[in-house]
file coords_8.csv (CSV, C-alpha atoms and all ligand atoms)
chain,number,residue,atom,x,y,z
A,1,MET,CA,-9.3,-4.7,9.1
A,2,LYS,CA,-9.1,-8.4,9.8
A,3,LEU,CA,-8.3,-9.5,13.3
A,4,LEU,CA,-5.2,-11.4,12.2
A,5,THR,CA,-3.6,-8.0,11.5
A,6,LEU,CA,-3.6,-7.2,15.2
A,7,ASN,CA,-1.1,-10.0,15.7
A,8,PHE,CA,1.4,-7.9,13.9
A,9,LEU,CA,0.5,-4.4,15.1
A,10,THR,CA,1.6,-2.3,18.0
A,11,CYS,CA,1.9,1.4,18.9
A,12,ALA,CA,3.6,3.5,16.2
A,13,ILE,CA,5.4,5.6,18.8
A,14,LYS,CA,9.0,4.5,19.0
A,15,THR,CA,9.5,4.7,22.8
A,16,CYS,CA,6.3,2.8,23.3
A,17,LYS,CA,7.1,-0.2,21.2
A,18,THR,CA,9.7,-1.6,23.6
A,19,GLN,CA,7.1,-1.6,26.5
A,20,PRO,CA,5.3,-4.9,26.8
A,21,ALA,CA,1.9,-3.1,27.5
A,22,SER,CA,1.9,-1.7,23.9
A,23,PHE,CA,1.1,-5.2,22.5
A,24,PRO,CA,-1.6,-6.1,21.6
A,25,LEU,CA,-3.5,-2.9,20.8
A,26,HIS,CA,-7.0,-2.9,22.4
A,27,PRO,CA,-10.0,-2.5,20.3
A,28,ARG,CA,-12.5,0.1,21.7
A,29,ASP,CA,-16.0,1.0,20.5
A,30,ALA,CA,-15.5,-1.5,17.7
A,31,GLU,CA,-18.1,-2.2,15.0
A,32,LEU,CA,-17.4,-5.6,13.5
A,33,GLU,CA,-18.3,-6.9,10.1
A,34,ILE,CA,-17.8,-10.3,8.5
A,35,VAL,CA,-16.1,-10.1,5.1
A,36,GLU,CA,-16.2,-13.6,3.6
A,37,THR,CA,-13.1,-15.0,2.0
A,38,ASP,CA,-12.1,-18.4,0.6
A,39,MET,CA,-10.9,-20.9,3.1
A,40,ASN,CA,-7.1,-21.4,2.7
A,41,LEU,CA,-6.1,-24.4,4.8
A,42,PRO,CA,-2.4,-24.4,3.9
A,43,PHE,CA,-2.2,-20.7,4.8
A,44,LEU,CA,-3.9,-21.3,8.1
A,45,LYS,CA,-1.5,-24.1,9.0
A,46,ASN,CA,1.5,-22.0,8.1
A,47,ILE,CA,0.4,-19.0,10.0
A,48,LEU,CA,-0.3,-21.0,13.2
A,49,PRO,CA,3.2,-20.9,14.7
A,50,ARG,CA,3.2,-17.1,14.4
A,51,LEU,CA,0.0,-16.5,16.4
A,52,MET,CA,0.4,-14.8,19.8
A,53,TRP,CA,-2.4,-17.0,21.2
A,54,ASP,CA,-2.8,-15.4,24.6
A,55,GLU,CA,-3.0,-11.9,23.1
A,56,LEU,CA,-5.5,-13.0,20.5
A,57,ARG,CA,-7.6,-14.5,23.2
A,58,THR,CA,-7.5,-11.1,25.0
A,59,ILE,CA,-8.6,-9.3,21.8
A,60,THR,CA,-11.5,-11.7,21.1
A,61,SER,CA,-12.7,-11.5,24.6
A,62,GLU,CA,-12.5,-7.7,24.6
A,63,LEU,CA,-14.6,-7.7,21.4
A,64,GLY,CA,-17.2,-9.9,23.0
A,65,LEU,CA,-16.6,-12.8,20.6
A,66,PRO,CA,-16.8,-16.4,21.6
A,67,ASP,CA,-13.8,-17.5,23.7
A,68,LEU,CA,-10.9,-19.1,21.8
A,69,PRO,CA,-9.7,-22.3,23.4
A,70,PRO,CA,-7.1,-21.8,26.1
A,71,THR,CA,-4.3,-23.5,24.1
A,72,PRO,CA,-3.7,-23.0,20.3
A,73,PRO,CA,-4.7,-25.8,17.9
A,74,THR,CA,-2.0,-27.8,16.3
A,75,ARG,CA,-1.6,-28.2,12.5
A,76,SER,CA,-3.2,-31.6,12.8
A,77,ASN,CA,-6.2,-30.2,14.6
A,78,LEU,CA,-7.0,-28.2,11.5
A,79,VAL,CA,-7.1,-31.1,9.0
A,80,GLU,CA,-10.0,-33.6,8.9
A,81,GLY,CA,-8.5,-37.0,9.8
A,82,GLY,CA,-5.3,-35.3,11.1
A,83,GLU,CA,-2.3,-34.3,9.1
A,84,LYS,CA,-0.3,-36.8,7.1
A,85,ASP,CA,3.4,-37.0,7.9
A,86,ALA,CA,5.7,-34.9,5.8
A,87,VAL,CA,7.0,-37.8,3.6
A,88,ALA,CA,3.5,-39.0,2.7
A,89,GLU,CA,2.4,-35.5,2.0
A,90,GLU,CA,5.2,-34.9,-0.4
A,91,GLU,CA,4.6,-38.2,-2.3
A,92,GLU,CA,0.9,-37.6,-2.8
A,93,GLN,CA,1.1,-33.9,-3.1
A,94,GLU,CA,-1.2,-33.7,-6.1
A,95,GLU,CA,-3.8,-36.2,-5.2
A,96,VAL,CA,-4.6,-35.5,-1.5
A,97,VAL,CA,-7.1,-32.8,-0.9
A,98,GLU,CA,-7.2,-31.9,2.8
A,99,GLU,CA,-10.5,-31.0,4.3
A,100,PRO,CA,-10.7,-28.3,7.1
A,101,THR,CA,-12.0,-29.3,10.5
A,102,GLN,CA,-14.5,-27.2,12.4
A,103,THR,CA,-11.6,-25.8,14.4
A,104,ALA,CA,-10.0,-24.6,11.1
A,105,LYS,CA,-13.3,-23.1,10.0
A,106,ASP,CA,-13.7,-21.3,13.3
A,107,LEU,CA,-10.1,-20.0,13.2
A,108,HIS,CA,-10.6,-18.8,9.6
A,109,ARG,CA,-13.8,-17.0,10.6
A,110,ILE,CA,-12.1,-15.3,13.6
A,111,LEU,CA,-8.8,-14.3,12.1
A,112,LEU,CA,-9.5,-13.7,8.4
A,113,GLU,CA,-13.2,-12.9,8.1
A,114,THR,CA,-14.0,-11.0,11.3
A,115,CYS,CA,-13.0,-7.4,10.6
A,116,ILE,CA,-13.1,-4.2,12.5
A,117,LYS,CA,-15.1,-1.8,10.4
A,118,GLU,CA,-15.2,1.3,12.7
A,119,GLY,CA,-13.7,2.0,16.1
A,120,LYS,CA,-10.4,2.6,17.8
A,121,LEU,CA,-7.3,0.7,18.6
A,122,VAL,CA,-5.8,1.8,22.0
A,123,CYS,CA,-2.2,1.5,23.1
A,124,GLY,CA,-2.1,-0.1,26.6
A,125,ALA,CA,1.2,1.7,27.4
A,126,CYS,CA,0.6,5.3,26.4
A,127,GLY,CA,-3.2,5.4,25.8
A,128,HIS,CA,-2.9,6.8,22.3
A,129,GLU,CA,-6.0,5.9,20.2
A,130,TYR,CA,-5.7,5.0,16.5
A,131,LYS,CA,-8.9,5.3,14.5
A,132,VAL,CA,-10.3,2.6,12.3
A,133,MET,CA,-12.6,4.0,9.6
A,134,GLU,CA,-14.3,2.1,6.8
A,135,GLY,CA,-12.1,-0.9,7.7
A,136,VAL,CA,-8.9,1.1,7.4
A,137,ALA,CA,-6.7,1.6,10.6
A,138,ASN,CA,-4.8,4.8,10.6
A,139,PHE,CA,-1.4,5.0,12.4
A,140,LEU,CA,-0.3,8.4,11.3
A,141,LEU,CA,0.9,10.3,14.3
A,142,PRO,CA,0.3,14.0,15.1
A,143,GLY,CA,3.6,16.0,14.7
A,144,HIS,CA,4.4,16.3,18.4
A,145,LEU,CA,4.4,12.5,18.8
A,146,VAL,CA,6.8,11.7,15.9
B,1,MET,CA,14.5,19.3,-2.2
B,2,ALA,CA,14.0,20.3,1.5
B,3,ASP,CA,16.8,22.6,2.7
B,4,SER,CA,16.8,21.5,6.4
B,5,GLU,CA,16.0,18.4,8.3
B,6,THR,CA,13.0,19.9,9.9
B,7,GLN,CA,11.4,20.8,6.6
B,8,GLY,CA,11.5,17.2,5.5
B,9,PRO,CA,8.0,16.1,6.7
B,10,ASP,CA,6.2,19.2,5.5
B,11,TYR,CA,7.9,19.2,2.2
B,12,GLU,CA,7.1,15.5,1.6
B,13,GLU,CA,3.5,16.1,2.7
B,14,GLN,CA,3.1,18.7,-0.1
B,15,HIS,CA,5.3,17.1,-2.8
B,16,VAL,CA,4.7,13.4,-2.2
B,17,HIS,CA,1.7,12.4,0.0
B,18,THR,CA,-0.8,15.0,-1.2
B,19,VAL,CA,0.0,14.0,-4.8
B,20,TYR,CA,-0.4,10.3,-4.3
B,21,GLU,CA,-3.7,10.8,-2.4
B,22,GLN,CA,-5.0,12.7,-5.4
B,23,ILE,CA,-3.7,10.5,-8.2
B,24,ALA,CA,-4.5,7.2,-6.3
B,25,SER,CA,-7.0,5.6,-8.6
B,26,HIS,CA,-5.2,6.7,-11.8
B,27,PHE,CA,-1.8,5.7,-10.5
B,28,SER,CA,-3.3,2.4,-9.4
B,29,SER,CA,-4.7,1.6,-12.8
B,30,THR,CA,-1.2,1.8,-14.3
B,31,ARG,CA,0.6,-0.2,-11.6
B,32,TYR,CA,0.0,-3.9,-12.2
B,33,LYS,CA,3.2,-5.5,-13.4
B,34,PRO,CA,5.6,-6.6,-10.7
B,35,TRP,CA,9.3,-5.9,-11.3
B,36,PRO,CA,11.2,-9.3,-11.9
B,37,VAL,CA,13.6,-8.8,-8.9
B,38,VAL,CA,10.6,-8.2,-6.6
B,39,GLU,CA,8.7,-11.1,-8.0
B,40,ARG,CA,11.7,-13.4,-7.5
B,41,PHE,CA,12.2,-12.3,-4.0
B,42,LEU,CA,8.5,-12.8,-3.0
B,43,LYS,CA,8.1,-16.1,-4.7
B,44,GLY,CA,11.3,-17.5,-3.1
B,45,LEU,CA,9.9,-17.1,0.4
B,46,PRO,CA,9.0,-20.2,2.4
B,47,ASP,CA,5.3,-20.8,2.8
B,48,GLY,CA,3.9,-19.2,5.9
B,49,ALA,CA,6.5,-16.4,6.0
B,50,VAL,CA,5.3,-13.2,7.5
B,51,GLY,CA,6.3,-9.8,6.1
B,52,ALA,CA,5.7,-6.1,5.7
B,53,ASP,CA,5.3,-4.1,2.5
B,54,VAL,CA,6.5,-0.6,3.5
B,55,GLY,CA,4.9,1.9,1.2
B,56,CYS,CA,2.7,-0.7,-0.5
B,57,GLY,CA,0.7,1.7,-2.6
B,58,ASN,CA,-2.2,0.0,-4.2
B,59,GLY,CA,-0.8,-3.4,-3.0
B,60,LYS,CA,0.3,-4.8,-6.4
B,61,TYR,CA,3.0,-6.9,-4.6
B,62,LEU,CA,0.4,-8.4,-2.2
B,63,ALA,CA,-1.0,-10.4,-5.1
B,64,VAL,CA,2.3,-12.1,-6.0
B,65,ASN,CA,2.5,-14.8,-3.3
B,66,PRO,CA,-0.7,-15.9,-1.5
B,67,ARG,CA,1.2,-18.5,0.6
B,68,VAL,CA,2.9,-15.8,2.7
B,69,PHE,CA,1.2,-13.1,4.9
B,70,ILE,CA,2.0,-9.5,4.3
B,71,VAL,CA,0.9,-6.4,6.2
B,72,GLY,CA,1.2,-3.5,3.8
B,73,SER,CA,1.3,0.1,4.9
B,74,ASP,CA,1.2,3.4,3.1
B,75,ARG,CA,0.5,7.0,3.9
B,76,SER,CA,-2.3,7.3,1.4
B,77,THR,CA,-5.7,6.2,2.6
B,78,ASN,CA,-7.0,6.1,-0.9
B,79,LEU,CA,-4.3,3.6,-1.9
B,80,ILE,CA,-4.8,1.5,1.2
B,81,LYS,CA,-8.5,1.2,0.4
B,82,ILE,CA,-7.4,-0.5,-2.9
B,83,ALA,CA,-4.6,-2.5,-1.3
B,84,LYS,CA,-6.8,-4.0,1.4
B,85,GLN,CA,-8.7,-6.0,-1.1
B,86,HIS,CA,-5.8,-8.5,-1.6
B,87,HIS,CA,-6.4,-11.6,0.5
B,88,PRO,CA,-5.1,-13.1,2.7
B,89,HIS,CA,-3.0,-9.9,3.4
B,90,SER,CA,-3.7,-6.8,5.3
B,91,ALA,CA,-3.1,-3.1,4.8
B,92,VAL,CA,-3.0,-0.1,7.1
B,93,VAL,CA,-2.3,3.6,6.9
B,94,ALA,CA,1.1,4.4,8.4
B,95,ASP,CA,4.2,6.5,8.0
B,96,ASN,CA,7.4,4.6,7.0
B,97,LEU,CA,9.4,6.4,9.7
B,98,SER,CA,6.8,5.4,12.4
B,99,LEU,CA,5.7,1.9,11.6
B,100,PRO,CA,3.1,0.3,13.8
B,101,HIS,CA,4.8,-3.1,14.0
B,102,PRO,CA,6.6,-4.9,16.9
B,103,ASN,CA,10.4,-4.7,16.4
B,104,HIS,CA,12.2,-7.8,15.0
B,105,SER,CA,9.0,-9.7,14.2
B,106,PHE,CA,9.0,-10.2,10.4
B,107,ASP,CA,10.7,-12.8,8.3
B,108,PHE,CA,10.9,-10.4,5.4
B,109,ALA,CA,10.1,-6.9,4.3
B,110,ILE,CA,9.9,-5.1,1.0
B,111,SER,CA,10.0,-1.4,0.3
B,112,ILE,CA,9.6,-0.8,-3.4
B,113,ALA,CA,10.0,2.7,-4.9
B,114,VAL,CA,9.4,4.4,-1.6
B,115,ILE,CA,12.5,5.7,0.2
B,116,HIS,CA,13.5,7.8,-2.8
B,117,HIS,CA,10.5,10.0,-1.9
B,118,LEU,CA,12.2,11.1,1.4
B,119,SER,CA,13.7,14.5,1.0
B,120,THR,CA,16.8,14.6,3.2
B,121,PRO,CA,19.8,12.1,3.6
B,122,ALA,CA,19.0,11.6,7.3
B,123,ARG,CA,15.4,10.7,6.6
B,124,ARG,CA,16.4,8.2,3.9
B,125,ILE,CA,18.8,6.5,6.3
B,126,ASP,CA,16.1,6.5,9.0
B,127,ALA,CA,13.8,4.8,6.5
B,128,VAL,CA,16.3,2.0,6.0
B,129,LYS,CA,16.7,1.7,9.8
B,130,ALA,CA,12.9,1.4,10.2
B,131,ILE,CA,12.9,-1.4,7.7
B,132,LEU,CA,15.8,-3.2,9.4
B,133,GLU,CA,14.1,-2.9,12.8
B,134,LEU,CA,11.1,-5.0,11.5
B,135,LEU,CA,13.3,-7.9,10.7
B,136,ARG,CA,14.1,-10.9,12.8
B,137,PRO,CA,17.8,-10.9,13.9
B,138,PRO,CA,20.2,-13.3,12.1
B,139,PHE,CA,20.1,-16.9,13.1
B,140,ARG,CA,21.0,-20.3,11.6
B,141,ASP,CA,19.0,-23.4,11.9
B,142,ARG,CA,19.0,-26.8,10.2
B,143,LYS,CA,16.3,-25.8,7.9
B,144,GLY,CA,18.5,-23.1,6.5
B,145,GLY,CA,16.9,-20.3,8.3
B,146,THR,CA,18.8,-17.0,8.1
B,147,GLY,CA,16.9,-14.3,9.9
B,148,GLY,CA,14.9,-11.6,8.2
B,149,ARG,CA,15.6,-10.2,4.8
B,150,ALA,CA,14.4,-7.0,3.2
B,151,LEU,CA,14.3,-5.9,-0.4
B,152,ILE,CA,14.7,-2.2,-1.0
B,153,TYR,CA,14.2,-0.8,-4.5
B,154,VAL,CA,14.9,2.8,-5.6
B,155,TRP,CA,15.0,4.9,-8.7
B,156,ALA,CA,18.4,5.2,-10.3
B,157,LEU,CA,20.2,8.4,-11.5
B,158,GLU,CA,21.9,6.3,-14.1
B,159,GLN,CA,19.1,5.7,-16.7
B,160,LYS,CA,20.2,7.3,-19.9
B,161,ASP,CA,18.2,5.0,-22.1
B,162,SER,CA,15.0,5.7,-20.2
B,163,ARG,CA,12.3,8.2,-21.3
B,164,ARG,CA,13.6,10.6,-18.7
B,165,GLY,CA,17.2,10.3,-19.9
B,166,TRP,CA,18.9,11.2,-16.6
B,167,ASP,CA,22.5,10.0,-16.1
B,168,GLU,CA,25.6,10.3,-14.0
B,169,GLY,CA,26.4,13.8,-13.1
B,170,HIS,CA,22.8,15.1,-13.3
B,171,GLN,CA,20.9,16.7,-10.5
B,172,GLN,CA,19.7,14.0,-8.0
B,173,ASP,CA,16.8,15.8,-6.5
B,174,VAL,CA,14.1,16.2,-9.1
B,175,MET,CA,10.4,16.9,-9.5
B,176,VAL,CA,8.7,14.4,-11.8
B,177,PRO,CA,5.4,15.2,-13.4
B,178,TRP,CA,2.4,12.8,-13.3
B,179,VAL,CA,0.0,13.6,-16.0
B,180,MET,CA,-3.6,12.7,-15.5
B,181,LYS,CA,-5.4,12.7,-18.8
B,182,GLY,CA,-8.6,14.7,-18.7
B,183,LYS,CA,-10.8,12.9,-21.2
B,184,LYS,CA,-9.7,9.4,-21.0
B,185,GLU,CA,-9.7,9.2,-17.2
B,186,LYS,CA,-11.2,5.8,-16.7
B,187,ALA,CA,-11.0,5.9,-12.9
B,188,GLN,CA,-13.8,8.4,-12.8
B,189,LYS,CA,-16.2,5.7,-13.5
B,190,LYS,CA,-15.0,3.6,-10.6
B,191,GLY,CA,-16.6,5.3,-7.7
B,192,LYS,CA,-17.9,8.5,-6.2
B,193,ALA,CA,-15.2,8.7,-3.5
B,194,LEU,CA,-12.4,8.7,-6.0
B,195,GLU,CA,-14.2,11.2,-8.2
B,196,GLN,CA,-14.5,13.6,-5.3
B,197,ASP,CA,-10.8,13.2,-4.5
B,198,MET,CA,-10.0,14.3,-8.0
B,199,GLU,CA,-12.2,17.3,-7.8
B,200,TYR,CA,-10.5,18.2,-4.6
B,201,GLY,CA,-7.2,17.9,-6.4
B,202,GLY,CA,-8.4,20.4,-8.9
B,203,ALA,CA,-8.7,18.1,-11.9
B,204,LYS,CA,-11.3,19.2,-14.3
B,205,ARG,CA,-13.2,16.1,-15.3
B,206,GLY,CA,-13.6,15.3,-18.9
B,207,ALA,CA,-11.5,18.3,-19.8
B,208,GLU,CA,-7.8,19.3,-19.8
B,209,ASP,CA,-5.0,17.1,-18.5
B,210,LYS,CA,-3.9,17.8,-15.0
B,211,THR,CA,-0.2,17.6,-14.1
B,212,PHE,CA,1.0,16.7,-10.6
B,213,LEU,CA,4.6,17.0,-9.5
B,214,ARG,CA,6.2,14.5,-7.2
B,215,TYR,CA,9.6,14.8,-5.5
B,216,TYR,CA,12.2,12.1,-6.0
B,217,HIS,CA,15.8,11.6,-4.9
B,218,LEU,CA,17.6,9.7,-7.7
B,219,TYR,CA,20.2,7.3,-6.3
B,220,ARG,CA,23.7,7.2,-7.6
B,221,LYS,CA,25.5,3.9,-8.0
B,222,GLY,CA,26.6,2.7,-4.6
B,223,GLU,CA,24.4,5.2,-2.7
B,224,LEU,CA,21.8,2.7,-1.6
B,225,GLU,CA,24.5,0.3,-0.3
B,226,SER,CA,26.1,3.2,1.6
B,227,ASP,CA,22.8,4.2,3.2
B,228,VAL,CA,22.2,0.6,4.3
B,229,ALA,CA,25.7,0.5,5.9
B,230,GLU,CA,25.0,3.9,7.6
B,231,ALA,CA,21.7,2.4,9.0
B,232,GLY,CA,23.6,-0.5,10.5
B,233,GLY,CA,22.5,-3.1,8.0
B,234,GLU,CA,24.2,-5.7,5.9
B,235,ILE,CA,24.0,-6.1,2.1
B,236,VAL,CA,23.1,-9.7,1.1
B,237,GLU,CA,22.8,-9.0,-2.6
B,238,SER,CA,22.4,-5.9,-4.7
B,239,GLY,CA,22.1,-4.8,-8.3
B,240,TYR,CA,20.5,-2.8,-11.0
B,241,GLU,CA,17.2,-3.5,-12.8
B,242,LYS,CA,15.7,-1.3,-15.5
B,243,ASP,CA,16.4,2.2,-14.2
B,244,ASN,CA,16.4,1.1,-10.5
B,245,TRP,CA,19.0,0.2,-7.9
B,246,TRP,CA,18.0,-2.6,-5.5
B,247,ALA,CA,19.4,-4.3,-2.4
B,248,ILE,CA,18.5,-7.3,-0.3
B,249,VAL,CA,19.5,-6.4,3.2
B,250,ALA,CA,19.7,-8.1,6.7
B,251,ARG,CA,20.3,-7.0,10.2
B,252,LYS,CA,23.9,-7.4,11.6
B,253,THR,CA,22.7,-8.5,15.0
C,301,ZN,ZN,1.7,3.8,22.8

call {"tool": "encode", "arguments": {"input": "coords_8.csv", "output": "structure tokens"}}
result
Amino acid sequence: MKLLTLNFLTCAIKTCKTQPASFPLHPRDAELEIVETDMNLPFLKNILPRLMWDELRTITSELGLPDLPPTPPTRSNLVEGGEKDAVAEEEEQEEVVEEPTQTAKDLHRILLETCIKEGKLVCGACGHEYKVMEGVANFLLPGHLV
Amino acid sequence: MADSETQGPDYEEQHVHTVYEQIASHFSSTRYKPWPVVERFLKGLPDGAVGADVGCGNGKYLAVNPRVFIVGSDRSTNLIKIAKQHHPHSAVVADNLSLPHPNHSFDFAISIAVIHHLSTPARRIDAVKAILELLRPPFRDRKGGTGGRALIYVWALEQKDSRRGWDEGHQQDVMVPWVMKGKKEKAQKKGKALEQDMEYGGAKRGAEDKTFLRYYHLYRKGELESDVAEAGGEIVESGYEKDNWWAIVARKT
């Protein structure tokens, strides 16, 4: 399961979701793997405003990965030579091929290629542990918690 | 169908989840063409939109638009193993009544051919509520933002020209056979894990056909809209497409 997924996951128990401590889920005993995938710069730029940066930093530090910068990159930080303004971009849409910066490559590596293969995701509010097996996180709850 | 609310989950475990887990690879090999309404909805999303596919199955809708990000979920681990191969998206195993997503955090959601598998009226309404809870509340901005929208798609009772031939006035709670051909079963070659699942399901490989029965609630005209209203949602648009009722819905607040 790619780390970007954790940006959109919380505890499956209804009463837990409204408690701030239920987000993000905390990886425990995690075995990581790199699953390479094509760099998609427009996708990365678009997803940027949706990232909960502080929470992602917590997760990467808990996983023992290199620290993410304290502040999130801007769209321009991701494009070699900076991003063109919107008008120019529209006019030259077909011709301009944007190159990713090292920042973009690092972000791609962390969010989309770094995957939890085995381990647990733990809710910070109720302590419930969700298993990850063969890269699949399982959020099915036992009957008494539904 | 289930005769009391408490029997819903057990009934669905037996007549929906267990079946999908067993037919996963075969089912998946037949599910590749997106329905036009779903394709139009997904392709009309702004780049970078974030959404959920509730009951994503093998993830066939994850492939439609690579410029958005979708977290798919399904109860079947075997289907999620197939679904998670669609980049840049993600897929997790979850129940559609206990979704592991923060409330009000998605620009869009789809739930295609899913809530008709829930076996009581209350559970079907709860399923709509769970989808509405995912969506960002309504807002208006200069760019024409509107808040989250969800597309819900269910099997219709009114389908007299279909192979099944059901129509108005017929029984709405039905068991529908899924026939897995014995000899021609291509999925057997795909991998050991899947082969084992089929053995577990009692299918005799290379021999006779095996029939699985799945529970469906067939929606009457107007029923989906009324479930959405009951769940506190608003209909943005709704219609009928080839044996199915669909609705695009939003939160009221
Ligand atoms: Zn919790």

call {"tool": "closest_atom_pairs", "arguments": {"input": "coords_8.csv", "of": "chain A", "to": "ligand ZN 301 (chain C)", "cutoff": "8 Å", "atoms": "all atoms listed in the file", "output": "Markdown table"}}
result
| residue | atom | partner | partner_atom | distance |
| --- | --- | --- | --- | --- |
| A:Thr10 | CA | C:ZN301 | ZN | 7.8 |
| A:Cys11 | CA | C:ZN301 | ZN | 4.6 |
| A:Ala12 | CA | C:ZN301 | ZN | 6.9 |
| A:Ile13 | CA | C:ZN301 | ZN | 5.7 |
| A:Thr15 | CA | C:ZN301 | ZN | 7.9 |
| A:Cys16 | CA | C:ZN301 | ZN | 4.7 |
| A:Lys17 | CA | C:ZN301 | ZN | 6.9 |
| A:Ser22 | CA | C:ZN301 | ZN | 5.6 |
| A:Val122 | CA | C:ZN301 | ZN | 7.8 |
| A:Cys123 | CA | C:ZN301 | ZN | 4.5 |
| A:Gly124 | CA | C:ZN301 | ZN | 6.6 |
| A:Ala125 | CA | C:ZN301 | ZN | 5.1 |
| A:Cys126 | CA | C:ZN301 | ZN | 4.1 |
| A:Gly127 | CA | C:ZN301 | ZN | 6.0 |
| A:His128 | CA | C:ZN301 | ZN | 5.5 |

call {"tool": "closest_residue", "arguments": {"input": "coords_8.csv", "among": "B:Ser76, B:Gln159, B:Gln172, B:Thr211", "to": "Tyr240 (chain B)", "atoms": "only C-alpha atoms"}}
result
B:Gln159

call {"tool": "residues_near_point", "arguments": {"input": "coords_8.csv", "point": "(20.5, -7.5, 16.8)", "cutoff": "8 Å", "atoms": "all atoms listed in the file", "output": "ChimeraX atom specification"}}
result
/B:137-138,251-253

call {"tool": "write_last_selection", "arguments": {"input": "coords_8.csv", "atoms": "C-alpha atoms", "output": "compact mmCIF listing (two decimals), keeping the file's coordinate frame"}}
result
# COMPACT_ATOMS: atom_id res chain seq x y z
CA PRO B 137 17.80 -10.90 13.90
CA PRO B 138 20.20 -13.30 12.10
CA ARG B 251 20.30 -7.00 10.20
CA LYS B 252 23.90 -7.40 11.60
CA THR B 253 22.70 -8.50 15.00

call {"tool": "interface_residues", "arguments": {"input": "coords_8.csv", "of": "chain A", "to": "chain B", "cutoff": "6 Å", "atoms": "all atoms listed in the file", "output": "JSON, numbers by chain"}}
result
{"A": [8, 9, 10, 11, 12, 43, 46, 47, 137, 138, 139, 140]}

call {"tool": "atom_distance", "arguments": {"input": "coords_8.csv", "atom1": "CA of Val228 (chain B)", "atom2": "CA of Val249 (chain B)"}}
result
7.6 Å

call {"tool": "atom_distance", "arguments": {"input": "coords_8.csv", "atom1": "CA of Glu113 (chain A)", "atom2": "CA of Ile34 (chain A)"}}
result
5.3 Å

call {"tool": "closest_residue", "arguments": {"input": "coords_8.csv", "among": "B:Arg149, B:His26, B:His170, B:Arg124", "to": "His104 (chain B)", "atoms": "all atoms listed in the file"}}
result
B:Arg149

call {"tool": "atom_distance", "arguments": {"input": "coords_8.csv", "atom1": "CA of Glu12 (chain B)", "atom2": "CA of Lys129 (chain B)"}}
result
18.7 Å

call {"tool": "closest_residue", "arguments": {"input": "coords_8.csv", "among": "B:Ala127, B:Val64, B:Tyr216, B:His116", "to": "Trp245 (chain B)", "atoms": "all atoms listed in the file"}}
result
B:His116

call {"tool": "residues_around", "arguments": {"input": "coords_8.csv", "residues": "Gly82 (chain A)", "least_positions_apart": "6", "cutoff": "10 Å", "atoms": "all atoms listed in the file", "output": "PyMOL selection string"}}
result
chain A and resi 74-76+98-101
